[in-house]
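Chemist: Please read through the structure below; I'll follow up with questions.
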Amino acid sequence: MASTFSSLKFELIATGEQSGTWGDTTNKNLNIALTEAIAGSTDVSFSSGTVTLTLSDDVDAQPARNLRLNLTGTSGGPQNLVVPAIEKSYLINNGTADIITVKTPSGAGTAVAAGKTMWVYNNGTAVVDAVTHLTSLTLGTDLALADGGTGASTAATARTNLEVGITKSGTAFNSNSPTVSTDGNYMNCAGTTTITAFTVAANRHFFLNFTGVMQLTHNATDLDLPGAANITTAVGDVGEFFSTGTNDVHCLNYTKADGTAVVASAGGGPSVGTNAVIRTNATNIAESINIRDHAATCTADASADTINKGTDDGFADNDTVQFENSGGALPAGLAAGTQYFVRDVAAATLKVSETFGGSAVNITGTGSGTHTIYQNINGMTSGPITIDSGTVTVPSGSQWNII
């Protein structure tokens, strides 16, 4: 009776066969076939195409029998490695430049990435992952982003690498040493020392809850604040910041505890840059007040509908102004207590309109006495007044008349 062969092509000697030579066959089974299946490694070379491994009824060396297949050569793009449809484990080391899918002739396969090594199992129908669960795993180095990891061993570094952030409380600090901690991104900032810059790494997104009163000093690079203006903090204020570079911080948002705006609204048509507006109504102001700034003596030219302001250059188009007179009467066409809008400002003259962007007022006389044009609250040029806890603060350089 002739010999038969197992799925791995071990020669199975029939009873009474190979008298005097059966030892040679047995040695080959042990030294070649068994060694290849248990610990053998062989190179499998690609040449821009599919590689198919087969097994024949032979005890001599066969690549498909080996435990480890070392893939080499030129893949020329993703390729297939077709292995015999038998139950067998493989350790695949893909040394090519492309993905190689290990599969059976008619079944599904498992893709092995370029430069990676995988355990796979051929169940006789398809090639699948040999391991799908580990109870524990220790890595010698941080798993890189390209390999599906975070490239980090700490949560803070992982968030930075992944370019994501979560809100987590961090170590509080004092304004006299404003170093932003790395253990969180929401921190309390205490103290009263002026802050001109933060010590912080690049690409940090963080929030500060101020528990003390201090000044944040604007700097276009080190500490860029809304409106390019300094901020005096109050207890309960919260600021949102981002560092575009090491120690280069920009304030993205600042919320005051009392709900007021950090940068005042420019209102309806004041001069650009230093104006502000106060809005009120009859229910929250008991007396009629008129707050004004920047007055100038003027005359009127009825032939051109212009106000001659001389060399005064403190007025700009769309400023809101009013007129007053002493010792006589205003020019015909103008009325005291009426708000006008400046237009057509020239070197020594301007015109006014009764509506924002409207046509110039028709002035039909020069009037008598002394005429004064002044900006009202919407036309401030020396800076806004501030009202806090009943205290009115008048900016330096302004002359104010409260009537």
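Following the order of the structure tokens, chains are lettered A, B, ..., residues in each are numbered from 1, and ligands are numbered from 1.
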Range 168-366 of chain A: which residues are strand (DSSP E) by DSSP, as a PyMOL selection string?
Modeler: chain A and resi 173-174+186-190+205-210+215-216+223-224+231-232+238-245+248-255+293-301+306-308+320-326+340-343+349-353
Chemist: Can you pull out the residues contacting range 215-224 of chain A? Cut-off 12 Å, using only C-alpha atoms, and skip same-chain residues under 3 positions away; I want them as a VMD selection string.
Modeler: chain A and resid 175 to 176 178 189 to 200 202 210 212 227 to 234 239 to 254
Chemist: Could you list, as a list in words, every residue within 7 Å of range 320-337 of chain A, counting only C-alpha atoms and ignoring same-chain residues fewer than 5 positions away?
Modeler: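 Once the nearby chain positions are removed, what remains is Pro270, Ala300, Val342, Val361, Asn362, Ile363, Thr364, Gly365, Thr366, Gly367, Ser368, Gly369, Thr370, His371, Thr372, Ile373, Tyr374, Gln375, Asn376, Asn378 and Gly379 of chain A.
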Chemist: Deliver the residues from the most recent selection as a file, using C-alpha atoms, as an mmCIF file, in the first residue's frame.
Modeler:
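Final output, saved to again.cif:
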data_model
loop_
_atom_site.group_PDB
_atom_site.id
_atom_site.type_symbol
_atom_site.label_atom_id
_atom_site.label_comp_id
_atom_site.auth_asym_id
_atom_site.auth_seq_id
_atom_site.Cartn_x
_atom_site.Cartn_y
_atom_site.Cartn_z
ATOM 1 C CA PRO A 270 -20.331 108.259 15.959
ATOM 2 C CA ALA A 300 -23.243 129.885 9.431
ATOM 3 C CA VAL A 342 -22.496 115.736 10.605
ATOM 4 C CA VAL A 361 -30.224 121.223 6.365
ATOM 5 C CA ASN A 362 -31.259 124.332 4.420
ATOM 6 C CA ILE A 363 -29.815 127.271 6.371
ATOM 7 C CA THR A 364 -31.593 130.523 5.444
ATOM 8 C CA GLY A 365 -29.955 132.995 7.789
ATOM 9 C CA THR A 366 -26.828 133.677 9.838
ATOM 10 C CA GLY A 367 -28.533 134.358 13.176
ATOM 11 C CA SER A 368 -27.101 136.575 15.891
ATOM 12 C CA GLY A 369 -25.012 136.343 19.024
ATOM 13 C CA THR A 370 -22.540 133.503 19.648
ATOM 14 C CA HIS A 371 -23.234 130.070 18.131
ATOM 15 C CA THR A 372 -21.735 126.856 19.531
ATOM 16 C CA ILE A 373 -21.715 123.396 17.939
ATOM 17 C CA TYR A 374 -21.033 120.477 20.260
ATOM 18 C CA GLN A 375 -20.965 116.724 20.095
ATOM 19 C CA ASN A 376 -23.465 114.973 22.294
ATOM 20 C CA ASN A 378 -22.800 109.746 20.589
ATOM 21 C CA GLY A 379 -19.993 112.018 19.380
#
Chemist: Enumerate, as a list in words, the complete set of residues in range 146-343 of chain A that a backbone-based DSSP assignment places in helix (DSSP H, G or I).
Modeler: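 Taking range 146-343 of chain A and keeping helix (DSSP H, G or I) only, one gets Ala146, Asp147, Ala155, Ala156, Thr157, Ala158, Arg159, Thr160, Asn161, Leu162, Pro226, Gly227 and Ala228 of chain A.
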Chemist: Let me see the file: selected residues, N, CA and C atoms, as a PDB file, in the first residue's frame.
Modeler:
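Saved as part.pdb:
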ATOM      1  N   ALA A 146      -0.094  57.631  13.288  1.00  0.00           N
ATOM      2  CA  ALA A 146      -0.243  56.925  12.012  1.00  0.00           C
ATOM      3  C   ALA A 146      -0.641  55.472  12.205  1.00  0.00           C
ATOM      4  N   ASP A 147      -0.400  54.937  13.409  1.00  0.00           N
ATOM      5  CA  ASP A 147      -0.728  53.542  13.688  1.00  0.00           C
ATOM      6  C   ASP A 147      -2.009  53.404  14.491  1.00  0.00           C
ATOM      7  N   ALA A 155      -2.755  62.288  29.023  1.00  0.00           N
ATOM      8  CA  ALA A 155      -3.968  62.779  28.385  1.00  0.00           C
ATOM      9  C   ALA A 155      -3.756  64.157  27.773  1.00  0.00           C
ATOM     10  N   ALA A 156      -3.029  65.031  28.476  1.00  0.00           N
ATOM     11  CA  ALA A 156      -2.811  66.386  27.963  1.00  0.00           C
ATOM     12  C   ALA A 156      -2.051  66.363  26.645  1.00  0.00           C
ATOM     13  N   THR A 157      -0.974  65.558  26.590  1.00  0.00           N
ATOM     14  CA  THR A 157      -0.199  65.470  25.357  1.00  0.00           C
ATOM     15  C   THR A 157      -1.013  64.813  24.251  1.00  0.00           C
ATOM     16  N   ALA A 158      -1.824  63.829  24.608  1.00  0.00           N
ATOM     17  CA  ALA A 158      -2.669  63.167  23.614  1.00  0.00           C
ATOM     18  C   ALA A 158      -3.646  64.154  22.994  1.00  0.00           C
ATOM     19  N   ARG A 159      -4.263  65.014  23.828  1.00  0.00           N
ATOM     20  CA  ARG A 159      -5.202  66.007  23.292  1.00  0.00           C
ATOM     21  C   ARG A 159      -4.494  66.968  22.346  1.00  0.00           C
ATOM     22  N   THR A 160      -3.268  67.339  22.718  1.00  0.00           N
ATOM     23  CA  THR A 160      -2.500  68.231  21.850  1.00  0.00           C
ATOM     24  C   THR A 160      -2.194  67.554  20.518  1.00  0.00           C
ATOM     25  N   ASN A 161      -1.738  66.298  20.576  1.00  0.00           N
ATOM     26  CA  ASN A 161      -1.398  65.572  19.351  1.00  0.00           C
ATOM     27  C   ASN A 161      -2.617  65.355  18.470  1.00  0.00           C
ATOM     28  N   LEU A 162      -3.758  65.102  19.099  1.00  0.00           N
ATOM     29  CA  LEU A 162      -4.986  64.850  18.347  1.00  0.00           C
ATOM     30  C   LEU A 162      -5.694  66.139  17.959  1.00  0.00           C
ATOM     31  N   PRO A 226      -9.621  91.962  23.269  1.00  0.00           N
ATOM     32  CA  PRO A 226     -10.689  92.539  22.442  1.00  0.00           C
ATOM     33  C   PRO A 226     -10.610  94.060  22.404  1.00  0.00           C
ATOM     34  N   GLY A 227     -10.776  94.630  21.216  1.00  0.00           N
ATOM     35  CA  GLY A 227     -10.740  96.068  21.079  1.00  0.00           C
ATOM     36  C   GLY A 227      -9.382  96.673  21.271  1.00  0.00           C
ATOM     37  N   ALA A 228      -8.337  95.819  21.359  1.00  0.00           N
ATOM     38  CA  ALA A 228      -6.962  96.291  21.570  1.00  0.00           C
ATOM     39  C   ALA A 228      -6.880  97.190  22.803  1.00  0.00           C
TER      40      ALA A 228
END
Chemist: Can you pull out the residues contacting Asn66 in chain A? Cut-off 10 Å, using only C-alpha atoms, and skip same-chain residues under 5 positions away; I want them as a list in words.
Modeler: Leu8, Ile32, Ala33, Leu34, Thr35, Glu36, Ala37, Ile38, Ala39, Gly40, Ser41, Thr42, Asp43, Ala61, Lys88, Ser89, Tyr90 and Leu91 of chain A
Chemist: Output all heavy atoms for every residue in that selection, as a short mmCIF file (atom, residue, chain, number, x, y, z; two decimals), in the first residue's frame.
Modeler:
data_model
loop_
_atom_site.label_atom_id
_atom_site.label_comp_id
_atom_site.auth_asym_id
_atom_site.auth_seq_id
_atom_site.Cartn_x
_atom_site.Cartn_y
_atom_site.Cartn_z
N LEU A 8 -0.44 19.16 5.69
CA LEU A 8 0.83 19.88 5.65
C LEU A 8 1.90 19.10 4.90
O LEU A 8 3.07 19.48 4.90
CB LEU A 8 1.31 20.20 7.07
CG LEU A 8 0.56 21.31 7.79
CD1 LEU A 8 1.04 21.43 9.23
CD2 LEU A 8 0.72 22.64 7.07
N ILE A 32 12.41 18.39 8.28
CA ILE A 32 12.01 19.38 7.28
C ILE A 32 10.57 19.83 7.50
O ILE A 32 10.30 21.00 7.82
CB ILE A 32 12.19 18.82 5.85
CG1 ILE A 32 13.67 18.48 5.60
CG2 ILE A 32 11.70 19.85 4.82
CD1 ILE A 32 13.93 17.85 4.25
N ALA A 33 9.65 18.91 7.30
CA ALA A 33 8.23 19.28 7.34
C ALA A 33 7.81 19.83 8.70
O ALA A 33 7.19 20.89 8.80
CB ALA A 33 7.37 18.08 6.96
N LEU A 34 8.15 19.12 9.78
CA LEU A 34 7.73 19.56 11.12
C LEU A 34 8.44 20.85 11.52
O LEU A 34 7.81 21.76 12.10
CB LEU A 34 8.03 18.45 12.14
CG LEU A 34 7.54 18.72 13.57
CD1 LEU A 34 6.03 18.88 13.57
CD2 LEU A 34 7.96 17.59 14.50
N THR A 35 9.72 20.94 11.21
CA THR A 35 10.47 22.16 11.56
C THR A 35 9.90 23.38 10.84
O THR A 35 9.75 24.45 11.43
CB THR A 35 11.95 21.99 11.21
OG1 THR A 35 12.49 20.90 11.97
CG2 THR A 35 12.73 23.26 11.51
N GLU A 36 9.58 23.22 9.53
CA GLU A 36 8.99 24.33 8.80
C GLU A 36 7.66 24.76 9.43
O GLU A 36 7.40 25.95 9.60
CB GLU A 36 8.76 23.94 7.34
CG GLU A 36 10.03 23.89 6.50
CD GLU A 36 9.75 23.55 5.06
OE1 GLU A 36 8.69 22.93 4.77
OE2 GLU A 36 10.57 23.91 4.19
N ALA A 37 6.81 23.80 9.76
CA ALA A 37 5.48 24.11 10.29
C ALA A 37 5.55 24.77 11.66
O ALA A 37 4.73 25.64 11.99
CB ALA A 37 4.63 22.85 10.35
N ILE A 38 6.53 24.37 12.49
CA ILE A 38 6.61 24.88 13.85
C ILE A 38 7.42 26.17 13.93
O ILE A 38 7.02 27.13 14.61
CB ILE A 38 7.21 23.82 14.80
CG1 ILE A 38 6.27 22.62 14.91
CG2 ILE A 38 7.48 24.41 16.17
CD1 ILE A 38 6.83 21.50 15.76
N ALA A 39 8.54 26.23 13.26
CA ALA A 39 9.46 27.36 13.45
C ALA A 39 10.07 27.87 12.15
O ALA A 39 10.93 28.74 12.18
CB ALA A 39 10.58 26.98 14.40
N GLY A 40 9.64 27.39 11.01
CA GLY A 40 10.28 27.76 9.76
C GLY A 40 9.94 29.16 9.29
O GLY A 40 8.85 29.68 9.55
N SER A 41 10.88 29.77 8.62
CA SER A 41 10.69 31.09 8.02
C SER A 41 11.26 31.07 6.62
O SER A 41 12.35 30.55 6.39
CB SER A 41 11.39 32.17 8.86
OG SER A 41 11.27 33.44 8.24
N THR A 42 10.52 31.67 5.68
CA THR A 42 10.99 31.70 4.30
C THR A 42 10.60 33.01 3.65
O THR A 42 9.60 33.64 4.04
CB THR A 42 10.41 30.52 3.49
OG1 THR A 42 11.06 30.47 2.21
CG2 THR A 42 8.92 30.67 3.30
N ASP A 43 11.38 33.45 2.69
CA ASP A 43 11.06 34.67 1.94
C ASP A 43 10.09 34.36 0.81
O ASP A 43 10.21 33.32 0.13
CB ASP A 43 12.33 35.28 1.35
CG ASP A 43 13.25 35.88 2.40
OD1 ASP A 43 12.77 36.08 3.55
OD2 ASP A 43 14.42 36.15 2.09
N ALA A 61 11.29 20.65 1.31
CA ALA A 61 10.94 22.01 1.71
C ALA A 61 9.90 22.61 0.75
O ALA A 61 10.03 22.51 -0.47
CB ALA A 61 12.18 22.88 1.74
N LYS A 88 -4.18 26.40 9.20
CA LYS A 88 -2.79 26.67 9.52
C LYS A 88 -2.63 28.11 9.99
O LYS A 88 -3.31 29.02 9.50
CB LYS A 88 -1.89 26.45 8.29
CG LYS A 88 -0.40 26.58 8.61
CD LYS A 88 0.46 26.40 7.40
CE LYS A 88 1.94 26.43 7.73
NZ LYS A 88 2.33 27.35 8.78
N SER A 89 -1.72 28.35 10.93
CA SER A 89 -1.36 29.70 11.37
C SER A 89 -0.17 30.20 10.58
O SER A 89 0.72 29.41 10.23
CB SER A 89 -1.03 29.70 12.87
OG SER A 89 -2.16 29.36 13.65
N TYR A 90 -0.17 31.52 10.35
CA TYR A 90 0.96 32.16 9.68
C TYR A 90 1.35 33.43 10.45
O TYR A 90 0.48 34.16 10.94
CB TYR A 90 0.61 32.56 8.24
CG TYR A 90 0.55 31.43 7.25
CD1 TYR A 90 -0.67 31.01 6.73
CD2 TYR A 90 1.71 30.79 6.81
CE1 TYR A 90 -0.74 29.99 5.80
CE2 TYR A 90 1.65 29.76 5.88
CZ TYR A 90 0.43 29.35 5.38
OH TYR A 90 0.36 28.34 4.46
N LEU A 91 2.63 33.66 10.49
CA LEU A 91 3.15 34.94 10.97
C LEU A 91 3.65 35.67 9.72
O LEU A 91 4.65 35.28 9.12
CB LEU A 91 4.29 34.73 11.97
CG LEU A 91 4.94 35.99 12.54
CD1 LEU A 91 3.91 36.83 13.31
CD2 LEU A 91 6.11 35.63 13.45
#
Chemist: Distance CA of Arg204 in chain A-CA of Thr260 in chain A, one decimal place?
Modeler: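 One can read the CA of Arg204 in chain A to CA of Thr260 in chain A distance as 27.0 Å.
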